[in-house]
Each structure stands twice: as structure tokens, then as C-alpha cells.
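**Q** Would you mind keeping the following structure in view while I ask a few things?
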Amino acid sequence: MNTPNHYPSLVEVDLPASIQQMYETFIEDHKYQEAIWLLHIHGYSKEAASFEQWLQQYMLTANAISKEVLGGGATNTYLVTLANGIAGVFKPKQFNPSANLNSEAGAYRLDQLLNLNIVPCTVIRKVHFFKQEGSFQYFVADAQLASALEKQKQIKPVTMCLLDFLMENRDRYAGNYMYLESLNKMIAIDNGWGLRGNGIIETIKGFFIDRRAWKQRWGQMYFPPDLEFDQIHFFKLRDLEKSVILEMFIPLIGSIATDRLLDRQAKVLEALKLSYL
């Protein structure tokens, strides 16, 4: 198979015939995040984790060869292509508070800690086309916005509800999550509004998004105890030690936002403990 430079032989995973062809097609088409998600779906988590580490490093260091402007949204976004065909959405650091590169990277970090696998690989880096560093998120080329789906198909998965509650994200609407038909999964993009300190509503006065966020504030006060999701996510959250959260998130989002994350963790566990303990 045509694999990227320096990628270890572990890309050659011995899979059941039913999914082997899809996996090889993803690799040949440089759809590495999709291949990683496929491994997770079928229980090859160890191989997927190693693959993910390689993808993170490649997106962090590989040379960018082209860029183009992406339309839509309240921020300046660009599609940047790397040397081996991987493309990502680059959001340079900017004044608009909904474009928070640390929140974008923090959402991916939280997704990985809880094994949710709904946020594409996201790193913070410099790209030579821009003066500022920014968030760089793997571009899932074949996914479509949920807003393009029929209403009854726009249902957010429970894992996304969990992620948004933990991040205190008030900006999850059908224009910033996507559906990938080949894997039948939803994907959380545009996570710049999560993992913020207090006073975020006041900070974004004057931006169109604040009205939508204000409407969602009540849904962010309590985690609904009747949500049914795989108990593995409950135990992952329960076993996520405070010291790990402090070490991983304070340098990225600061102490205030990290304390709020810890508080949200406690709220979820309190709401769900009768169901899972």
C-alpha cells in the first residue's frame, strides 16, 4: 500500500475480510483518520492508538504545500494540504473569540482521554502561509454537515452530548457537526467555544453567535441522567484522575477553565452513578 513516509509497519493490520478492503482503501486514499476510526469501531484500539500518535506528529510537523480559503462560519478558516495529501482545517489565532485554538485542541485531547473518537485529530502549529500559529484539524473530506441531512437524521450521538457538556460548549448546532456515511458516525468540529473560563457570554457580545449560545444556557446546567451511552465512557470519566486533568489542561486552557472541567466531570458522575454503580 502507498503509505506516508516513515510510517511504521503497524499500518498493516490483520483484519477480517469484511473490513480489510475498506481499511486498505482508506490508507491508499490517505484517509488516515477514517482508518483509525474504523480500527476503533472494530475493537483494534491498541493499533488505532499507535496510528493516532503518528497522525498527530505528522500533522504537527509535515510541510504544508497549499492553502485555500474555506467559506462559512464566523472565523477565518483555510484548507491546508500537507506533503502526503493529508488536508486539515487551519484556523489562525484571531480576535474573534469563537476561534480559540486552545479550545479546539483541548476538545480533541478530551475526546482522546475518554475514547469518544468523534473529534478529528487537532494540533496547534505554525503554517508558513500565516504569521500566527493556529489550530489545525484533520479534514474529513467525505463528511457532510448535519444541516444537509433530513431533520430526523440530525440526532447528535450521546458521546457528543457528553463532550459538549464537559466542555460547557453552547455552540453545537447542525452547522458544526458532520456525518460520515462510510462509517455511519457523527463528527464534532468547530469546538472553539468549549473549555472556556467564566464570562464567555459577556466576551462575545456583538458576535451573532451569542444569541444562539444564550438559548442553550439552560441545557448546560445539568447533565440529563436518562442519557444512555456505553458504560465504558462512564468508567473512563470516573477513572480520569484529577492530577491528569490538571497536568494536561492547565497549560492549554488555564486554571479557571480547567476547574470548570473538573466541576462538569463531577456533575456527570453524580447524574449517572445510580445507573452504572
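For the C-alpha cells, the naming scheme is as follows: chains receive sequential letters (A, B, ...) according to their order of presentation, residues are indexed from 1 within each chain, and ligands are indexed from 1 in presentation order.
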Skipping near chain neighbours, those fewer than 3 positions away, what residues fall within 8 Å of segment 161-169 of chain A using only C-alpha atoms, listed as a list in words?
**A**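 Contacts, in chain order: Ala107, Leu110, Asp111, Lys156, Pro157, Val158, Arg172, Asn191, Trp193, Gly194, Leu195, Arg196, Gln220, Phe223, Leu261, Arg264 and Gln265 of chain A.
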**Q** Please give the complete set of residues from segment 36-248 of chain A that DSSP, run on the backbone, assigns to alpha helix (DSSP H), formatted as a ChimeraX atom specification.
**A** /A:36-41,45-61,101-113,158-167,200-203,209-215,231-238,242-248
**Q** Fewer than 2 positions away in the same chain doesn't count, so skip those; otherwise give me all residues within 10 Å of segment 252-257 of chain A, counting only C-alpha atoms, as a list of chain:residue names.
**A** A:Asn100, A:Leu101, A:Asn102, A:Ser103, A:Ala105, A:Gly106, A:Met167, A:Glu168, A:Gly194, A:Leu195, A:Arg196, A:Gly197, A:Asn198, A:Leu246, A:Glu247, A:Met248, A:Phe249, A:Ile250, A:Asp259, A:Arg260, A:Leu261, A:Leu262, A:Asp263
**Q** Any chance you could list, as a list of chain:residue names, the residues in segment 77-111 of chain A that come up strand (DSSP E) when DSSP is run on the backbone?
**A**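 Filtering segment 77-111 of chain A to strand (DSSP E) leaves A:Thr77, A:Tyr78, A:Leu79, A:Val80, A:Thr81, A:Leu82, A:Ala87, A:Gly88, A:Val89, A:Phe90, A:Lys91, A:Pro92.
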**Q** Restricting the calculation to only C-alpha atoms: of A:Leu82, A:Ile189, A:Leu114, A:Val268, which residue gets closest to Asp171 of chain A?
**A**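 Closest to Asp171 of chain A, using only C-alpha atoms: A:Ile189.
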**Q** Ranking A:Asn76, A:Ser182, A:Gln154, A:Ser45 by minimum distance to Gln112 of chain A and counting only C-alpha atoms, which one comes first?
**A**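 Between A:Asn76, A:Ser182, A:Gln154, A:Ser45, the residue approaching Gln112 of chain A most closely is A:Ser45.
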**Q** Hey, can you check how far atom CA of Leu116 of chain A sits from atom CA of Arg238 of chain A?
**A**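 So the two atoms, atom CA of Leu116 of chain A and atom CA of Arg238 of chain A, lie 14.3 Å apart.
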**Q** Which is closest to Asn117 of chain A among A:Val80, A:Met178, A:Val140, A:Met160, if we use only C-alpha atoms?
**A** A:Met160
**Q** Within 10 Å of Ala64 of chain A, counting only C-alpha atoms, which residues show up once you throw out same-chain ones fewer than 6 positions away? Write them as a ChimeraX atom specification, please.
**A** /A:80-88,126-129
**Q** Between A:Ile124, A:Leu272, A:Lys31, A:Ala174, which residue has the minimum interatomic distance to Ser147 of chain A, considering only C-alpha atoms?
**A**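 So, comparing all the options, the nearest one is A:Ala174.
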**Q** Pick out the residues sitting within 12 Å of Lys153 of chain A, and hand them over as a PDB file with N, CA and C atoms, in the first residue's frame; count only C-alpha atoms, and ignore anything fewer than 6 positions along from it in its own chain.
**A**
ATOM      1  N   LEU A 145     -22.153  18.195   6.404  1.00  0.00           N
ATOM      2  CA  LEU A 145     -22.717  18.874   7.564  1.00  0.00           C
ATOM      3  C   LEU A 145     -24.064  18.259   7.932  1.00  0.00           C
ATOM      4  N   ALA A 146     -24.323  18.197   9.226  1.00  0.00           N
ATOM      5  CA  ALA A 146     -25.602  17.656   9.681  1.00  0.00           C
ATOM      6  C   ALA A 146     -26.768  18.476   9.155  1.00  0.00           C
ATOM      7  N   SER A 147     -26.533  19.747   8.903  1.00  0.00           N
ATOM      8  CA  SER A 147     -27.599  20.612   8.390  1.00  0.00           C
ATOM      9  C   SER A 147     -28.073  20.188   7.008  1.00  0.00           C
ATOM     10  N   ALA A 174     -26.484  22.260  13.937  1.00  0.00           N
ATOM     11  CA  ALA A 174     -26.316  21.368  12.792  1.00  0.00           C
ATOM     12  C   ALA A 174     -25.276  21.844  11.791  1.00  0.00           C
ATOM     13  N   MET A 178     -20.826  16.884  11.794  1.00  0.00           N
ATOM     14  CA  MET A 178     -20.905  16.299  10.458  1.00  0.00           C
ATOM     15  C   MET A 178     -21.243  14.812  10.535  1.00  0.00           C
ATOM     16  N   TYR A 179     -21.663  14.304   9.403  1.00  0.00           N
ATOM     17  CA  TYR A 179     -21.991  12.879   9.293  1.00  0.00           C
ATOM     18  C   TYR A 179     -21.096  12.244   8.248  1.00  0.00           C
ATOM     19  N   GLU A 181     -20.848   9.005   6.221  1.00  0.00           N
ATOM     20  CA  GLU A 181     -21.699   7.864   5.857  1.00  0.00           C
ATOM     21  C   GLU A 181     -20.926   6.560   5.834  1.00  0.00           C
ATOM     22  N   ASN A 184     -20.834   5.557   9.259  1.00  0.00           N
ATOM     23  CA  ASN A 184     -22.093   5.797   9.969  1.00  0.00           C
ATOM     24  C   ASN A 184     -21.831   6.451  11.333  1.00  0.00           C
ATOM     25  N   LYS A 185     -21.091   7.557  11.312  1.00  0.00           N
ATOM     26  CA  LYS A 185     -20.767   8.218  12.569  1.00  0.00           C
ATOM     27  C   LYS A 185     -20.832   9.730  12.412  1.00  0.00           C
ATOM     28  N   MET A 186     -21.168  10.399  13.515  1.00  0.00           N
ATOM     29  CA  MET A 186     -21.154  11.846  13.581  1.00  0.00           C
ATOM     30  C   MET A 186     -19.784  12.326  14.061  1.00  0.00           C
TER      31      MET A 186
END
**Q** Please compute the atom CA of Asp190 of chain A-atom CA of Pro92 of chain A distance, one decimal, in Å.
**A**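 Computing the Euclidean distance for atom CA of Asp190 of chain A and atom CA of Pro92 of chain A yields 13.2 Å.
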**Q** Quick one, how far is atom CA of Tyr32 of chain A from atom CA of Glu52 of chain A?
**A**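 Spanning atom CA of Tyr32 of chain A to atom CA of Glu52 of chain A is a straight-line distance of 8.6 Å.
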**Q** Given the choices A:Leu15, A:Ile36, A:Ile232, A:Ala148, which gets closest to Ser50 of chain A if the distance is worked out from only C-alpha atoms?
**A** A:Ile36
**Q** For Ser135 of chain A, which residue out of A:Leu183, A:Lys67, A:Leu60, A:Tyr23 is the nearest one, using only C-alpha atoms?
**A**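 Under the stated criterion, the closest residue is A:Leu60.
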